[in-house]
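*Asks:* Quick one: the structure is below, questions incoming.
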Amino acid sequence: MTLTVRPGFDYTDIRRRAMQSLFENLDTLCEGTIVVDGDARIVWINDRYARRFGLDSPDQAIGREVEAIIPNSQMRAVVESGQPILLDILDAGSETFIVTRLPLKDDDGKVIGAVGFALYDQSRPLQPFYARLGKLQQELQHARQRLAEARQAKYTFSNFVGTSPAAMELKRAARRAAATDAPVLLLGETGTGKELIAHAIHASSHRAARPFIGINVAAVPESLLETEFFGAVAGAYTGADRKGRLGKFQLAEGGTLFLDEIGDMPLAVQSKLLRVLQEQELEPVGSDKVVPIDVRVIAATSIDLVRAVDEGRFRADLYYRLGVLPLTLPPLRDRLQDLELLCEHILEDIARRNDQPQRDLASDVLPLLAQQSWRGNIRELRNVLEQAVMSSDRPRLQASDFRGLRHTARAPASPSKNEVSSLEEAMNRHEAQLIRTALERSGGNATLAAKVLGIGRATLYRKLQTHNIHLNSETQSQY
Ligand SMILES: Nc1ncnc2c1ncn2[C@@H]1O[C@H](COP(=O)(O)OP(=O)(O)OP(=O)(O)O)[C@@H](O)[C@H]1O
């Protein structure tokens, strides 16, 4: 067809010249030019490109399948699909090219081949972009790695120090829980190691390679809790921001979500959480689409959850759902047998963190520590040891370095209200109970138990006989 839109101008000729000039310019300016036929066999390749791929002359390439000369070539894909690849990176062994590939069509529009131009090699004009890209990629990789590390479990069961029967039983039960996928409810006073055990359960579960995400329910303002948990789509007004954001459930996908202080969760959020746990899917705030989730939940609380249920502050159905595997962490005062080991472990940690030699404890310190009530449990023990380390230069800490700790025996438990008996009988029973408790808490160490009770060791042995209390051979060997 001859176009004569404007007299004196042959548009077909101009188009032909434009194409020819484009081809010739690209051929001269480019690192390489290649033309293949409908079977992706090389019809033409320029000198420079042929040499790049180890040929002495372009003739050696003619008629051969393009991949035989350029192993990663995508020319066949262009021939087969008829679609251009306008910008791509061709990895050619030690070199990388920016390439463009166009299909060649006959007058009927049938694909009869393709032409490819290697625009630049990376050592030339794109070098600054490559450098920048490489740097950004490296930064991204580091950031991803840091994030992945932050989302890994920080502790394993080996970090849970303790060999007392109570600690061993807890670890056994927690290991059993780790082998299942059921929700776990960690109960216990503050500082007993609930968070540590949550990490350890995740670390030895089949989800270990996936994220561990923790959230302290009590620390998040009520108005933000829903978004924090379930996320929000862009545009949903959540009081925090208008941008969409992922919730902790989505961040924990495939892994474990640790809900600390679950007892502080408002009732409205409890209902939504229950639905999510039941349905295994959630709706981000402001969205009408459900997102399936695969997350194992470990919840923890230091409040009396049964009482919260009785008082209507915590949903009974959620309590049962979360409490499939309840684990109660023993308070420190019920495992004083572990006191020495814990102190050693904590003092070692303090020394490592401060890059100082490790301190140890004089013989009068453990009995003093054993007398404390430890309401803050191991966290409080750590604080007390840290303070003593800071306030003293002695390599062996003395009782006098523990200012603020009092030498007082803790109040004994009160006898049951239902018991009615003679005073002598009650006193005897009470004394036996006190001795048993002291022995239990001092891990069977009679010297420690005698100190806690404020009596001599000989007196203790006499009383053991009177009350027919036996020491097993394992604990006797420590006296
Ligand atoms: N058995 C243990 N062995 C060693 N360290 C422990 C042990 N239990 C707790 N700790 C340490 O005591 C501190 C408090 O533990 P953690 O935060 O796990 O307690 P928690 O029960 O979750 O407390 P809270 O209820 O206040 O959140 C941490 O530094 C933890 O590493």
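In the structure tokens, the first chain shown is A, the next is B, and so on; residue numbers restart at 1 for each chain, and ligands run from 1 in the order shown.
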Please identify which residues in region 210-438 of chain A DSSP calls alpha helix (DSSP H) from the backbone, and express them as JSON, numbers by chain.

*Replies:* {"A": [222, 223, 224, 225, 226, 227, 228, 229, 230, 248, 249, 250, 251, 267, 268, 269, 270, 271, 272, 273, 274, 275, 276, 277, 278, 279, 305, 306, 307, 308, 309, 310, 316, 317, 318, 319, 320, 321, 322, 339, 340, 341, 342, 343, 344, 345, 346, 347, 348, 349, 350, 351, 352, 353, 354, 365, 366, 367, 368, 369, 370, 377, 378, 379, 380, 381, 382, 383, 384, 385, 386, 387, 388, 389, 390, 391, 423, 424, 425, 426, 427, 428, 429, 430, 431, 432, 433, 434, 435, 436, 437, 438]}

*Asks:* Where does chain A meet ligand 1 within 6 Å, residue by residue, with the nearest atom pair and distance in Å to one decimal for each, counting only C-alpha atoms and all ligand atoms, listed by chain and rising number, as a Markdown table?

*Replies:*
| residue | atom | partner | partner_atom_place_in_ligand_line | distance |
| --- | --- | --- | --- | --- |
| A:Asn159 | CA | ligand 1 | 4 (C) | 5.7 |
| A:Phe160 | CA | ligand 1 | 1 (N) | 3.8 |
| A:Val161 | CA | ligand 1 | 3 (N) | 3.7 |
| A:Gly162 | CA | ligand 1 | 1 (N) | 5.8 |
| A:Thr190 | CA | ligand 1 | 25 (O) | 3.6 |
| A:Gly191 | CA | ligand 1 | 19 (O) | 3.6 |
| A:Thr192 | CA | ligand 1 | 21 (O) | 4.1 |
| A:Gly193 | CA | ligand 1 | 18 (O) | 3.2 |
| A:Lys194 | CA | ligand 1 | 21 (O) | 3.8 |
| A:Glu195 | CA | ligand 1 | 18 (O) | 3.6 |
| A:Leu196 | CA | ligand 1 | 18 (O) | 4.0 |
| A:Ser302 | CA | ligand 1 | 25 (O) | 5.3 |
| A:Ile378 | CA | ligand 1 | 12 (O) | 4.6 |
| A:Arg379 | CA | ligand 1 | 13 (C) | 4.2 |

*Asks:* Set the distance at 10 Å and use only C-alpha atoms: which residues neighbour Arg41 (chain A) once local chain neighbours fewer than 6 positions away are removed? I'd like the list as number ranges by chain.

*Replies:* A: 35, 61-68, 75-76, 113-114

*Asks:* Between CA of Ile45 (chain A) and CA of Ala118 (chain A), what is the distance in Å, rounded to a tenth?

*Replies:* 11.2 Å

*Asks:* Skip Arg48 (chain A) itself and residues of its chain fewer than 5 positions away, then list as number ranges by chain all residues within 10 Å of it, counting only C-alpha atoms.

*Replies:* A: 27-28, 30-33, 53, 55-58

*Asks:* Could you write out that same residue set with N, CA and C atoms as a CSV table (one decimal), in the first residue's frame?

*Replies:*
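What ended up in out30.csv:
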chain,number,residue,atom,x,y,z
A,27,ASP,N,22.6,-2.3,15.4
A,27,ASP,CA,23.6,-3.3,15.1
A,27,ASP,C,25.0,-2.7,15.4
A,28,THR,N,25.2,-1.4,15.1
A,28,THR,CA,26.5,-0.8,15.3
A,28,THR,C,26.7,-0.5,16.8
A,30,CYS,N,25.0,-1.7,19.5
A,30,CYS,CA,24.8,-2.8,20.5
A,30,CYS,C,26.0,-3.7,20.6
A,31,GLU,N,26.0,-4.4,21.7
A,31,GLU,CA,27.0,-5.4,21.9
A,31,GLU,C,26.9,-6.6,21.0
A,32,GLY,N,25.6,-6.8,20.6
A,32,GLY,CA,25.4,-8.0,19.7
A,32,GLY,C,24.0,-7.9,19.1
A,33,THR,N,23.9,-8.6,17.9
A,33,THR,CA,22.6,-8.7,17.2
A,33,THR,C,22.5,-10.1,16.7
A,53,PHE,N,30.7,-15.3,22.1
A,53,PHE,CA,30.3,-16.7,22.5
A,53,PHE,C,31.4,-17.7,22.0
A,55,LEU,N,33.1,-18.0,19.1
A,55,LEU,CA,33.2,-18.4,17.7
A,55,LEU,C,34.3,-17.6,17.0
A,56,ASP,N,35.0,-18.2,16.0
A,56,ASP,CA,35.9,-17.4,15.2
A,56,ASP,C,35.2,-16.5,14.2
A,57,SER,N,34.1,-17.1,13.7
A,57,SER,CA,33.4,-16.2,12.7
A,57,SER,C,31.9,-16.5,12.8
A,58,PRO,N,31.1,-15.6,12.4
A,58,PRO,CA,29.6,-15.8,12.5
A,58,PRO,C,29.1,-17.0,11.7
